[in-house]
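Asks: Just one file: target_37.txt, with compact mmCIF, C-alpha atoms.
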# COMPACT_ATOMS: atom_id res chain seq x y z
CA MET A 1102 -128.99 -88.98 174.11
CA LYS A 1103 -127.53 -92.34 175.24
CA LYS A 1104 -126.29 -92.70 178.81
CA PHE A 1105 -124.54 -95.54 180.64
CA LEU A 1106 -123.76 -95.68 184.35
CA LEU A 1107 -121.04 -98.23 185.07
CA ARG A 1108 -121.76 -98.97 188.72
CA ASN A 1109 -119.37 -100.13 191.46
CA GLY A 1110 -116.45 -101.33 189.33
CA ARG A 1111 -112.82 -101.14 190.34
CA VAL A 1112 -111.92 -98.07 188.29
CA ILE A 1113 -108.20 -97.88 187.52
CA ASP A 1114 -106.76 -94.91 185.65
CA PRO A 1115 -102.95 -94.73 185.81
CA ALA A 1116 -102.95 -91.24 184.26
CA SER A 1117 -104.75 -89.73 187.25
CA GLY A 1118 -103.67 -92.23 189.89
CA LEU A 1119 -107.25 -93.32 190.44
CA ASP A 1120 -107.77 -96.84 191.80
CA ALA A 1121 -111.07 -97.09 193.61
CA VAL A 1122 -114.46 -98.74 193.58
CA CYS A 1123 -116.72 -96.10 192.08
CA ASP A 1124 -119.01 -95.24 189.17
CA VAL A 1125 -118.43 -93.89 185.68
CA LEU A 1126 -121.23 -91.98 183.96
CA VAL A 1127 -121.12 -91.83 180.16
CA CYS A 1128 -123.24 -89.47 178.11
CA ASP A 1129 -123.16 -90.04 174.35
CA GLU A 1130 -119.49 -90.05 173.31
CA HIS A 1131 -118.00 -88.59 176.49
CA ILE A 1132 -117.41 -89.30 180.16
CA GLU A 1133 -119.70 -87.06 182.19
CA ALA A 1134 -118.68 -87.96 185.74
CA ILE A 1135 -116.50 -90.31 187.80
CA GLY A 1136 -117.13 -90.90 191.49
CA PRO A 1137 -118.96 -92.91 194.14
CA ASN A 1138 -122.75 -93.27 194.18
CA LEU A 1139 -123.44 -91.20 191.09
CA PRO A 1140 -127.14 -90.63 190.33
CA ALA A 1141 -128.38 -92.73 187.44
CA ALA A 1142 -130.15 -89.72 185.89
CA GLY A 1143 -131.90 -91.77 183.21
CA ALA A 1144 -128.81 -93.77 182.31
CA GLU A 1145 -128.73 -97.48 181.51
CA LEU A 1146 -127.35 -99.08 184.68
CA VAL A 1147 -124.53 -101.60 184.19
CA ASP A 1148 -123.43 -103.49 187.31
CA CYS A 1149 -119.62 -103.72 187.25
CA SER A 1150 -119.20 -105.07 190.77
CA GLY A 1151 -116.04 -107.17 190.95
CA ARG A 1152 -114.99 -106.02 187.46
CA LEU A 1153 -112.09 -103.89 186.29
CA VAL A 1154 -113.13 -100.64 184.62
CA LEU A 1155 -110.17 -99.33 182.64
CA PRO A 1156 -109.36 -96.73 180.01
CA GLY A 1157 -110.06 -98.21 176.58
CA LEU A 1158 -107.32 -100.74 175.87
CA ILE A 1159 -104.81 -99.91 173.13
CA ASP A 1160 -103.20 -102.75 171.16
CA THR A 1161 -99.84 -101.40 169.97
CA HIS A 1162 -99.15 -104.36 167.66
CA ALA A 1163 -102.06 -105.36 165.43
CA HIS A 1164 -102.30 -106.73 161.89
CA VAL A 1165 -105.65 -105.69 160.48
CA TYR A 1166 -105.15 -104.81 156.81
CA GLN A 1167 -107.62 -107.57 156.03
CA TYR A 1168 -107.45 -109.26 152.59
CA VAL A 1169 -104.83 -106.86 151.20
CA THR A 1170 -102.20 -108.56 153.36
CA GLY A 1171 -103.62 -111.97 152.45
CA ARG A 1172 -103.83 -114.51 155.23
CA PHE A 1173 -101.89 -112.18 157.50
CA GLY A 1174 -104.46 -109.44 158.11
CA LEU A 1175 -107.35 -110.02 160.52
CA ASN A 1176 -110.66 -108.24 160.86
CA ALA A 1177 -110.18 -105.05 162.85
CA ASP A 1178 -113.29 -105.28 164.97
CA MET A 1179 -112.67 -108.95 165.79
CA CYS A 1180 -109.29 -107.91 167.27
CA GLY A 1181 -110.69 -104.63 168.56
CA VAL A 1182 -114.05 -103.88 170.10
CA GLN A 1183 -115.24 -107.51 169.95
CA SER A 1184 -112.18 -108.39 172.07
CA GLY A 1185 -112.61 -105.54 174.55
CA VAL A 1186 -110.00 -103.33 172.81
CA THR A 1187 -110.94 -99.84 171.64
CA THR A 1188 -107.82 -98.82 169.67
CA LEU A 1189 -105.61 -100.85 167.31
CA VAL A 1190 -102.24 -99.85 165.89
CA ASP A 1191 -101.60 -101.80 162.70
CA GLN A 1192 -97.88 -102.57 162.44
CA GLY A 1193 -96.59 -102.26 158.90
CA GLY A 1194 -99.57 -103.52 156.94
CA ALA A 1195 -99.92 -100.34 154.90
CA SER A 1196 -97.17 -98.70 152.85
CA CYS A 1197 -96.93 -95.37 151.08
CA MET A 1198 -98.53 -97.11 148.07
CA THR A 1199 -101.36 -98.88 149.88
CA LEU A 1200 -102.18 -96.35 152.63
CA PRO A 1201 -105.23 -94.86 150.81
CA GLY A 1202 -106.74 -98.33 150.66
CA PHE A 1203 -105.96 -98.91 154.34
CA ARG A 1204 -107.75 -95.71 155.27
CA HIS A 1205 -110.81 -96.45 153.15
CA TYR A 1206 -111.22 -100.21 153.59
CA ALA A 1207 -109.65 -101.00 156.99
CA ALA A 1208 -109.77 -97.91 159.21
CA ALA A 1209 -112.90 -96.07 158.07
CA PRO A 1210 -115.44 -98.94 158.28
CA ALA A 1211 -114.20 -100.22 161.65
CA LYS A 1212 -116.04 -99.52 164.86
CA SER A 1213 -112.64 -99.81 166.57
CA ARG A 1214 -110.25 -96.89 166.30
CA VAL A 1215 -107.63 -98.06 163.79
CA LEU A 1216 -104.26 -96.31 163.42
CA ALA A 1217 -101.08 -97.27 161.59
CA TYR A 1218 -97.35 -97.53 161.89
CA LEU A 1219 -96.59 -97.17 158.19
CA SER A 1220 -94.28 -99.75 156.62
CA ALA A 1221 -90.84 -98.49 155.64
CA TYR A 1222 -91.08 -100.79 152.61
CA LEU A 1223 -92.98 -100.09 149.41
CA VAL A 1224 -94.85 -103.39 149.63
CA GLY A 1225 -95.93 -103.07 153.25
CA GLY A 1226 -96.96 -106.28 154.96
CA LEU A 1227 -98.11 -108.22 151.93
CA GLU A 1228 -98.78 -111.83 152.99
CA GLY A 1229 -97.05 -111.22 156.30
CA HIS A 1230 -93.65 -110.37 154.79
CA TYR A 1231 -93.73 -113.76 153.12
CA TYR A 1232 -91.22 -112.91 150.36
CA PRO A 1233 -87.99 -111.55 151.87
CA GLU A 1234 -86.60 -110.17 148.58
CA LEU A 1235 -89.38 -107.59 148.58
CA TYR A 1236 -87.76 -105.99 151.63
CA ARG A 1237 -84.31 -105.20 150.26
CA PRO A 1238 -82.91 -101.64 150.19
CA ASP A 1239 -84.13 -101.04 146.62
CA CYS A 1240 -87.69 -101.53 147.91
CA VAL A 1241 -87.54 -98.52 150.24
CA ASP A 1242 -88.47 -95.03 149.02
CA ILE A 1243 -87.65 -92.50 151.72
CA ASP A 1244 -89.25 -89.48 150.06
CA ALA A 1245 -92.51 -91.23 149.16
CA THR A 1246 -92.91 -92.76 152.61
CA VAL A 1247 -92.20 -89.49 154.41
CA ARG A 1248 -94.66 -87.69 152.15
CA ALA A 1249 -97.40 -90.27 152.81
CA ALA A 1250 -96.81 -90.17 156.57
CA LYS A 1251 -96.95 -86.38 156.78
CA ALA A 1252 -100.04 -86.14 154.61
CA ASN A 1253 -101.89 -88.65 156.81
CA GLY A 1254 -100.90 -87.57 160.29
CA ASP A 1255 -104.32 -88.36 161.73
CA LEU A 1256 -103.78 -92.02 160.84
CA VAL A 1257 -100.01 -92.61 160.72
CA LYS A 1258 -98.39 -92.57 164.15
CA GLY A 1259 -95.04 -94.22 163.40
CA ILE A 1260 -92.89 -96.29 161.01
CA LYS A 1261 -92.43 -100.09 161.02
CA ALA A 1262 -89.11 -101.77 160.17
CA HIS A 1263 -87.27 -105.07 160.73
CA ALA A 1264 -83.88 -105.77 162.28
CA GLU A 1265 -83.60 -109.53 162.00
CA LEU A 1266 -81.08 -112.19 161.13
CA GLY A 1267 -82.38 -113.21 157.68
CA GLY A 1268 -82.49 -109.59 156.51
CA PHE A 1269 -79.07 -108.69 157.90
CA ALA A 1270 -77.61 -111.76 156.19
CA ARG A 1271 -78.92 -110.41 152.88
CA TRP A 1272 -78.39 -106.63 153.11
CA GLY A 1273 -76.62 -105.83 156.36
CA VAL A 1274 -77.85 -102.79 158.28
CA GLU A 1275 -78.68 -100.72 155.18
CA VAL A 1276 -82.47 -101.18 155.31
CA MET A 1277 -82.51 -100.16 158.97
CA LYS A 1278 -80.51 -97.02 158.14
CA LEU A 1279 -83.09 -96.08 155.51
CA SER A 1280 -85.92 -96.75 157.96
CA ALA A 1281 -84.28 -94.62 160.61
CA GLU A 1282 -83.96 -91.78 158.10
CA ILE A 1283 -87.70 -92.03 157.32
CA GLY A 1284 -88.44 -91.76 161.03
CA ARG A 1285 -86.23 -88.70 161.42
CA ARG A 1286 -87.64 -86.87 158.39
CA ALA A 1287 -91.23 -87.70 159.27
CA ASP A 1288 -90.59 -86.90 162.97
CA LEU A 1289 -92.16 -90.21 163.96
CA PRO A 1290 -91.04 -93.15 166.10
CA VAL A 1291 -89.72 -96.25 164.35
CA TYR A 1292 -91.01 -99.61 165.62
CA ILE A 1293 -88.35 -102.29 165.10
CA HIS A 1294 -88.98 -106.02 164.88
CA PHE A 1295 -86.20 -108.09 166.51
CA GLY A 1296 -85.85 -111.85 166.26
CA GLN A 1297 -85.55 -113.93 163.10
CA LEU A 1298 -88.40 -113.67 160.59
CA TRP A 1299 -86.88 -114.78 157.26
CA PRO A 1300 -84.82 -117.92 156.64
CA MET A 1301 -81.13 -117.50 155.95
CA PRO A 1302 -80.14 -117.17 152.26
CA ASN A 1303 -79.64 -120.49 150.49
CA GLN A 1304 -76.29 -119.34 149.15
CA GLY A 1305 -74.00 -116.40 149.61
CA GLY A 1306 -75.09 -113.82 152.10
CA ILE A 1307 -73.23 -111.80 154.70
CA PRO A 1308 -71.87 -113.58 157.79
CA VAL A 1309 -73.81 -112.20 160.76
CA ASP A 1310 -73.24 -112.59 164.47
CA PRO A 1311 -76.81 -112.47 165.87
CA ASP A 1312 -75.58 -110.69 168.96
CA SER A 1313 -74.26 -107.81 166.82
CA ILE A 1314 -77.68 -106.84 165.43
CA LEU A 1315 -78.88 -104.94 168.49
CA SER A 1316 -75.54 -103.08 168.67
CA GLN A 1317 -75.79 -101.96 165.06
CA VAL A 1318 -79.40 -100.83 165.40
CA VAL A 1319 -79.22 -98.97 168.70
CA ASP A 1320 -76.50 -96.70 167.31
CA ILE A 1321 -78.79 -95.35 164.57
CA MET A 1322 -82.05 -95.00 166.51
CA LYS A 1323 -83.46 -91.94 168.24
CA PRO A 1324 -85.27 -91.47 171.58
CA GLY A 1325 -88.88 -92.61 171.34
CA ASP A 1326 -88.16 -95.39 168.84
CA VAL A 1327 -89.54 -98.77 169.87
CA LEU A 1328 -87.71 -102.10 170.21
CA ALA A 1329 -90.17 -104.97 169.74
CA HIS A 1330 -90.21 -108.63 170.80
CA PRO A 1331 -87.88 -108.44 173.84
CA PHE A 1332 -89.10 -111.91 174.87
CA SER A 1333 -88.44 -113.58 171.51
CA ARG A 1334 -86.59 -116.89 171.57
CA HIS A 1335 -85.14 -116.16 168.12
CA PRO A 1336 -81.48 -115.19 167.87
CA GLY A 1337 -80.64 -111.53 167.34
CA GLY A 1338 -82.72 -110.00 170.10
CA PHE A 1339 -82.54 -108.98 173.75
CA VAL A 1340 -81.06 -112.29 174.93
CA GLU A 1341 -77.60 -113.24 173.65
CA GLN A 1342 -76.71 -116.72 172.49
CA ASN A 1343 -75.06 -117.31 175.87
CA GLY A 1344 -78.49 -116.93 177.51
CA ARG A 1345 -77.79 -113.59 179.16
CA LEU A 1346 -79.33 -110.17 178.61
CA HIS A 1347 -77.57 -108.27 175.83
CA PRO A 1348 -75.40 -105.61 177.53
CA LEU A 1349 -76.74 -102.87 175.25
CA VAL A 1350 -80.36 -103.22 176.36
CA ARG A 1351 -79.87 -101.05 179.42
CA GLU A 1352 -78.03 -98.46 177.35
CA ALA A 1353 -80.88 -98.45 174.83
CA VAL A 1354 -83.37 -97.76 177.60
CA ALA A 1355 -81.12 -95.02 178.99
CA ARG A 1356 -81.06 -93.42 175.52
CA GLY A 1357 -84.85 -93.14 175.59
CA LEU A 1358 -85.78 -96.12 173.41
CA ARG A 1359 -89.00 -97.89 174.38
CA ILE A 1360 -89.86 -101.58 174.53
CA ASP A 1361 -93.02 -103.28 173.22
CA VAL A 1362 -93.67 -106.94 174.07
CA GLY A 1363 -95.32 -107.78 170.71
CA HIS A 1364 -96.59 -111.02 172.27
CA GLY A 1365 -97.72 -113.22 169.36
CA SER A 1366 -95.87 -116.31 168.22
CA HIS A 1367 -92.42 -114.91 169.03
CA PHE A 1368 -93.13 -114.95 172.77
CA SER A 1369 -91.10 -117.18 175.09
CA TYR A 1370 -91.70 -117.50 178.82
CA LYS A 1371 -88.06 -118.53 179.31
CA MET A 1372 -86.72 -115.45 177.54
CA ALA A 1373 -89.23 -113.27 179.37
CA ARG A 1374 -87.95 -114.60 182.66
CA THR A 1375 -84.35 -113.78 181.66
CA VAL A 1376 -85.21 -110.22 180.61
CA LEU A 1377 -87.50 -109.43 183.53
CA ASP A 1378 -85.10 -110.90 186.08
CA ALA A 1379 -82.44 -108.57 184.68
CA GLY A 1380 -84.66 -105.64 185.62
CA ILE A 1381 -85.92 -104.70 182.14
CA MET A 1382 -89.60 -103.76 182.08
CA PRO A 1383 -91.48 -103.31 178.79
CA ASP A 1384 -93.30 -100.04 178.22
CA THR A 1385 -96.15 -101.45 176.12
CA LEU A 1386 -97.68 -104.84 175.42
CA GLY A 1387 -99.10 -105.40 171.92
CA ALA A 1388 -100.85 -108.69 171.05
CA ASP A 1389 -99.32 -109.35 167.58
CA MET A 1390 -102.19 -111.52 166.35
CA HIS A 1391 -102.30 -112.36 162.66
CA GLY A 1392 -103.65 -115.02 160.35
CA TYR A 1393 -100.66 -117.33 160.70
CA ASN A 1394 -100.85 -117.60 164.48
CA THR A 1395 -104.56 -117.19 165.17
CA GLU A 1396 -107.35 -119.68 164.68
CA VAL A 1397 -109.20 -118.10 161.75
CA PRO A 1398 -110.10 -119.34 158.25
CA ALA A 1399 -107.48 -118.53 155.62
CA PRO A 1400 -108.54 -116.75 152.41
CA ALA A 1401 -108.61 -119.15 149.46
CA GLY A 1402 -105.32 -119.47 147.62
CA THR A 1403 -103.09 -117.97 150.30
CA PRO A 1404 -100.00 -119.90 151.46
CA ALA A 1405 -100.65 -122.78 153.82
CA SER A 1406 -97.43 -122.08 155.72
CA HIS A 1407 -94.94 -119.29 156.35
CA PRO A 1408 -91.11 -119.18 156.14
CA ASP A 1409 -91.22 -118.55 159.88
CA GLU A 1410 -93.21 -121.77 160.35
CA GLU A 1411 -90.94 -123.13 163.08
CA HIS A 1412 -91.92 -120.22 165.27
CA MET A 1413 -95.60 -119.93 164.36
CA PHE A 1414 -98.58 -121.53 166.05
CA ALA A 1415 -99.80 -122.27 162.49
CA GLY A 1416 -103.37 -121.23 163.20
CA LYS A 1417 -103.86 -123.56 166.16
CA THR A 1418 -104.50 -121.11 168.94
CA ARG A 1419 -106.68 -118.28 170.15
CA PHE A 1420 -105.50 -115.27 172.05
CA SER A 1421 -106.08 -111.57 172.54
CA LEU A 1422 -104.56 -108.47 174.07
CA VAL A 1423 -106.30 -109.31 177.35
CA SER A 1424 -104.88 -112.85 177.40
CA ALA A 1425 -101.46 -111.27 176.78
CA MET A 1426 -102.10 -109.22 179.93
CA THR A 1427 -102.74 -112.48 181.79
CA SER A 1428 -99.38 -113.78 180.48
CA MET A 1429 -97.67 -110.80 182.08
CA LEU A 1430 -99.42 -111.46 185.39
CA ALA A 1431 -98.35 -115.12 185.22
CA LEU A 1432 -94.74 -113.91 184.92
CA GLY A 1433 -95.09 -112.11 188.23
CA LEU A 1434 -95.89 -108.57 187.11
CA THR A 1435 -98.57 -106.77 189.08
CA LEU A 1436 -101.83 -105.49 187.67
CA GLU A 1437 -100.55 -101.98 188.42
CA GLN A 1438 -97.54 -102.65 186.16
CA VAL A 1439 -99.52 -104.20 183.33
CA ILE A 1440 -102.40 -101.73 182.95
CA PRO A 1441 -100.20 -98.77 181.93
CA MET A 1442 -98.76 -100.93 179.13
CA VAL A 1443 -102.15 -101.03 177.43
CA THR A 1444 -103.36 -97.54 178.40
CA THR A 1445 -101.16 -94.57 179.32
CA ASN A 1446 -97.87 -95.88 177.91
CA ALA A 1447 -99.57 -97.09 174.74
CA ALA A 1448 -101.21 -93.68 174.24
CA ARG A 1449 -97.79 -92.05 174.61
CA MET A 1450 -96.30 -94.39 171.99
CA ILE A 1451 -98.80 -93.10 169.42
CA GLY A 1452 -98.52 -89.49 170.55
CA MET A 1453 -102.14 -89.36 171.71
CA GLN A 1454 -101.70 -89.18 175.48
CA ASP A 1455 -103.87 -86.05 175.61
CA GLN A 1456 -106.78 -87.91 173.99
CA LEU A 1457 -106.55 -91.63 174.82
CA GLY A 1458 -105.34 -93.99 177.52
CA SER A 1459 -107.07 -92.31 180.45
CA LEU A 1460 -110.47 -91.77 182.03
CA ARG A 1461 -111.12 -88.07 182.29
CA VAL A 1462 -114.34 -86.11 182.68
CA GLY A 1463 -115.13 -84.56 179.31
CA GLY A 1464 -112.84 -87.03 177.54
CA VAL A 1465 -113.86 -89.60 174.98
CA ALA A 1466 -115.77 -92.56 176.45
CA ASP A 1467 -113.35 -95.31 175.45
CA ILE A 1468 -113.66 -97.78 178.34
CA SER A 1469 -112.80 -101.48 178.68
CA VAL A 1470 -114.45 -103.68 181.31
CA LEU A 1471 -112.72 -106.94 182.27
CA SER A 1472 -113.44 -109.80 184.63
CA ASP A 1473 -110.71 -110.51 187.18
CA GLU A 1474 -110.83 -114.11 188.38
CA ARG A 1475 -108.70 -116.04 190.88
CA GLY A 1476 -107.81 -119.71 190.53
CA ARG A 1477 -105.24 -121.85 188.70
CA TRP A 1478 -104.87 -121.90 184.92
CA ILE A 1479 -102.18 -123.25 182.59
CA MET A 1480 -100.60 -120.90 180.04
CA SER A 1481 -98.19 -122.13 177.35
CA ASP A 1482 -95.97 -120.61 174.66
CA ASN A 1483 -94.92 -121.98 171.27
CA GLU A 1484 -91.83 -123.61 172.78
CA GLY A 1485 -94.12 -125.77 174.90
CA THR A 1486 -93.15 -124.01 178.11
CA LYS A 1487 -96.04 -123.90 180.56
CA VAL A 1488 -96.62 -121.52 183.43
CA GLU A 1489 -99.37 -121.39 186.00
CA ALA A 1490 -101.52 -118.29 186.25
CA THR A 1491 -103.39 -117.61 189.47
CA ARG A 1492 -105.17 -114.58 188.05
CA LEU A 1493 -107.18 -114.58 184.83
CA LEU A 1494 -108.35 -111.47 183.00
CA GLN A 1495 -111.06 -111.74 180.36
CA PRO A 1496 -112.82 -109.02 178.35
CA LEU A 1497 -116.53 -108.54 179.01
CA PHE A 1498 -117.40 -105.46 176.97
CA CYS A 1499 -116.10 -102.07 175.98
CA LEU A 1500 -117.47 -98.65 175.18
CA ARG A 1501 -115.95 -97.07 172.08
CA ALA A 1502 -116.91 -93.38 172.01
CA GLY A 1503 -119.88 -94.31 174.17
CA GLU A 1504 -121.14 -97.19 172.01
CA ARG A 1505 -121.24 -100.58 173.74
CA PHE A 1506 -119.70 -103.72 172.23
CA ASP A 1507 -119.78 -107.08 173.99
CA ALA A 1508 -116.68 -109.30 173.86
CA THR A 1509 -117.91 -111.92 171.39
CA ALA A 1510 -114.85 -112.39 169.14
CA PRO A 1511 -114.36 -116.03 168.02
CA ILE A 1512 -110.60 -115.73 168.66
CA LEU A 1513 -111.00 -115.19 172.40
CA PRO A 1514 -109.31 -118.07 174.26
CA THR A 1515 -110.87 -120.48 176.71
CA ALA A 1516 -108.61 -120.81 179.74
CA ARG A 1517 -107.41 -124.30 180.68
CA ALA A 1518 -107.71 -125.08 184.37
CA ALA A 1519 -104.63 -126.37 186.15
Hey, can you dump this file as structure tokens for me?
Replies:
Amino acid sequence: MKKFLLRNGRVIDPASGLDAVCDVLVCDEHIEAIGPNLPAAGAELVDCSGRLVLPGLIDTHAHVYQYVTGRFGLNADMCGVQSGVTTLVDQGGASCMTLPGFRHYAAAPAKSRVLAYLSAYLVGGLEGHYYPELYRPDCVDIDATVRAAKANGDLVKGIKAHAELGGFARWGVEVMKLSAEIGRRADLPVYIHFGQLWPMPNQGGIPVDPDSILSQVVDIMKPGDVLAHPFSRHPGGFVEQNGRLHPLVREAVARGLRIDVGHGSHFSYKMARTVLDAGIMPDTLGADMHGYNTEVPAPAGTPASHPDEEHMFAGKTRFSLVSAMTSMLALGLTLEQVIPMVTTNAARMIGMQDQLGSLRVGGVADISVLSDERGRWIMSDNEGTKVEATRLLQPLFCLRAGERFDATAPILPTARAA
């Protein structure tokens, strides 16, 4: 029997309303007790004084179908437990054709919990959606995708699709209609990428007003579906070309659609300021790390660049879900607003709120422990916009079903002092 006593941390659990300095006792895979001055009872004592002790963090936008998605897919445990994150939701790496491989080679070997939003497209996320013609309407099979999703309900928690300018210029809204139908038949949420991903067609194509994309998509989505990249600087998202919040965003929220930051290389502090100042608060965070925007070696023979190169960091940066949390704090959000994005709200997005995203006695011991430092640090986005953070969160370690993993991932960033 393995026991840990996490002593004197600031324990925050939005699900129960707990925010207090106390102890958490873990026995094997489960939480045995939460409270002040718990007896050690033979447990390994871990001093968490001055640390944040949180429900195991959930990354709602990961890309971890390593090797099968070429340069795009990262190692699951590097993004997961080695970065202080206990659960990863891969966004669109696996398809109905490649899901068995995802289960066997990506999810099963990982120490992190790995789940999937299944791609609406037959090819999934091969090479990070590098070849746009593989994502046309003919490359969607509704019946096969619904069948795969229903037969793998323990793994598949949603459907991934794209509503972006390059795709709409090629096929209009048709692919999104097919994706929405998959979501309805499978009774799963659809996670929708906004902001340009593919270049415009060299010739021909359909004239598209970027500001019309959100209008076309919202009309075919259902409550619980997820709108991603609200802070993207690309056209065709939450911010219109005139620099103002798209008028349909509030209606989308009122209809029960959710919002995931999907931080990554689409993130813009300027756009975030516009959206937040308009009163729109994301539900979940999502790191959106992949091999084109994270400092990792590329597999031999994979493309050196991406069609979305203008908007990528091109492998010159390091970041994590926890550094994305710091970005939110730098924008003026409170810790109490940010933590639910990576715990309770994230668990709800994957339909696992009864199992994950909270600290409950008898529940699984998925726990993330972070440092919480004060000072002055410079944060920057891929537009070159810099903001000053006065609070810096960094992962220290996590428990995944009671097993300890220190935060040793090579992708973890080093903060730059102001």
Asks: Mind pulling up the distance from atom CA of Gly1503 of chain A to atom CA of Lys1103 of chain A?
Replies: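 Atom-to-atom, atom CA of Lys1103 of chain A and atom CA of Gly1503 of chain A are spaced 8.0 Å apart.
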Asks: So which one's closest to Asp1191 of chain A, A:Val1127, A:Tyr1292, A:Gly1273, A:Val1147? Using all atoms listed in the file, please.
Replies: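 Of A:Val1127, A:Tyr1292, A:Gly1273, A:Val1147, the one nearest Asp1191 of chain A, counting all atoms listed in the file, is A:Tyr1292.
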Asks: Excluding same-chain residues fewer than 4 positions from segment 1446-1454 of chain A, what lies within 6 Å of it counting only C-alpha atoms, as an mmCIF file with C-alpha atoms, in the frame of the given file?
Replies:
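Written output follows (selection.cif):
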data_model
loop_
_atom_site.group_PDB
_atom_site.id
_atom_site.type_symbol
_atom_site.label_atom_id
_atom_site.label_comp_id
_atom_site.auth_asym_id
_atom_site.auth_seq_id
_atom_site.Cartn_x
_atom_site.Cartn_y
_atom_site.Cartn_z
ATOM 1 C CA LYS A 1258 -98.390 -92.570 164.150
ATOM 2 C CA THR A 1385 -96.150 -101.450 176.120
ATOM 3 C CA PRO A 1441 -100.200 -98.770 181.930
ATOM 4 C CA MET A 1442 -98.760 -100.930 179.130
ATOM 5 C CA GLY A 1458 -105.340 -93.990 177.520
#
Asks: Env of Glu1484 of chain A: 12 Å cut, atoms = only C-alpha atoms, seq-sep filter 2 positions within chain, self excluded. Answer as a ChimeraX atom specification.
Replies: /A:1333-1335,1366-1372,1411-1414,1480-1482,1486-1488
Asks: Can you tell me, as a compact mmCIF listing (two decimals) with C-alpha atoms, keeping the file's coordinate frame, what residues are no more than 12 Å from Gly1118 of chain A when counting all atoms listed in the file, ignoring any on the same chain fewer than 3 positions away?
Replies:
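So the final result, stored in out-v1.txt, reads:
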# COMPACT_ATOMS: atom_id res chain seq x y z
CA VAL A 1112 -111.92 -98.07 188.29
CA ILE A 1113 -108.20 -97.88 187.52
CA ASP A 1114 -106.76 -94.91 185.65
CA PRO A 1115 -102.95 -94.73 185.81
CA ALA A 1121 -111.07 -97.09 193.61
CA GLU A 1437 -100.55 -101.98 188.42
CA ILE A 1440 -102.40 -101.73 182.95
CA PRO A 1441 -100.20 -98.77 181.93
CA THR A 1445 -101.16 -94.57 179.32
CA SER A 1459 -107.07 -92.31 180.45
CA LEU A 1460 -110.47 -91.77 182.03
CA ARG A 1461 -111.12 -88.07 182.29
Asks: Quote the spacing between atom CA of Ala1141 of chain A and atom CA of Val1182 of chain A in Å to one decimal place.
Replies: 25.1 Å
Asks: Report, in Å with one decimal, the straight-line distance from atom CA of Pro1311 of chain A to atom CA of Met1277 of chain A.
Replies: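 These two atoms are separated by 15.2 Å.
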Asks: Check the smallest atom-to-atom distance from each of A:Glu1489, A:Glu1234, A:Glu1396, A:Asp1160 to Arg1172 of chain A using all atoms listed in the file, then report the winner.
Replies: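 Residue with the minimum atom-to-atom distance to Arg1172 of chain A: A:Glu1396.
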Asks: Using all atoms listed in the file, what does the table of segment 1118-1201 of chain A residues within 12 Å of segment 1355-1361 of chain A look like, with each row giving the shortest atom pair and its distance in Å to one decimal, sorted by chain and ascending number, as a Markdown table?
Replies:
| residue | atom | partner | partner_atom | distance |
| --- | --- | --- | --- | --- |
| A:Asp1160 | CA | A:Asp1361 | CA | 10.4 |
| A:Thr1161 | CA | A:Asp1361 | CA | 7.8 |
| A:His1162 | CA | A:Asp1361 | CA | 8.3 |
| A:Gln1192 | CA | A:Asp1361 | CA | 11.8 |
Asks: Take the selection from the previous step and output its residues with C-alpha atoms, as an mmCIF file, in the frame of the given file.
Replies:
data_model
loop_
_atom_site.group_PDB
_atom_site.id
_atom_site.type_symbol
_atom_site.label_atom_id
_atom_site.label_comp_id
_atom_site.auth_asym_id
_atom_site.auth_seq_id
_atom_site.Cartn_x
_atom_site.Cartn_y
_atom_site.Cartn_z
ATOM 1 C CA ASP A 1160 -103.200 -102.750 171.160
ATOM 2 C CA THR A 1161 -99.840 -101.400 169.970
ATOM 3 C CA HIS A 1162 -99.150 -104.360 167.660
ATOM 4 C CA GLN A 1192 -97.880 -102.570 162.440
#
Asks: Specify the axis-aligned box that encloses all atoms of segment 1496-1510 of chain A listed in the file after padding of 6 Å on each side, stating its centre and edge lengths in Å to one decimal as JSON.
Replies:
{"center_x": -117.0, "center_y": -102.9, "center_z": 174.1, "size_x": 20.4, "size_y": 31.0, "size_z": 21.9}
Asks: So, counting only C-alpha atoms, which residue among A:Ala1329, A:Leu1377, A:His1407, A:Asn1483 is closest to Tyr1232 of chain A?
Replies: A:His1407
Asks: Between A:Pro1336, A:Gly1181, A:Arg1248, A:Leu1256, which residue has the minimum interatomic distance to Ala1209 of chain A, considering all atoms listed in the file?
Replies: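 Smallest distance to Ala1209 of chain A is found for A:Leu1256.
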Asks: Compare A:Val1125, A:Val1224, A:Met1426, A:Ala1249 by their minimum atom-to-atom distance to Cys1197 of chain A, counting all atoms listed in the file, and give me the closest one.
Replies: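 Using all atoms listed in the file, Cys1197 of chain A sits closest to A:Ala1249.
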Asks: Would you kindly return, as number ranges by chain, each protein, DNA or RNA residue with an atom no farther than 10 Å from any atom of segment 1177-1180 of chain A, considering all atoms listed in the file and excluding same-chain residues fewer than 6 positions away?
Replies: A: 1160, 1163-1167, 1186-1191, 1207-1208, 1210-1215, 1388, 1390-1391, 1420-1422, 1506, 1508-1513
Asks: Pick out the closest residue to Gly1464 of chain A from this set: A:Ile1132, A:Ala1262, A:Val1354, A:Ala1116. Count only C-alpha atoms.
Replies: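 Going through A:Ile1132, A:Ala1262, A:Val1354, A:Ala1116 one by one, the smallest distance to Gly1464 of chain A is for A:Ile1132.
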Asks: Given the point (-131.0, -90.7, 175.4) in the coordinates of this file, which residues lie within 12 Å, counting all atoms listed in the file, and how would they look as a PyMOL selection string?
Replies: chain A and resi 1102-1105+1127-1130+1142-1145+1503
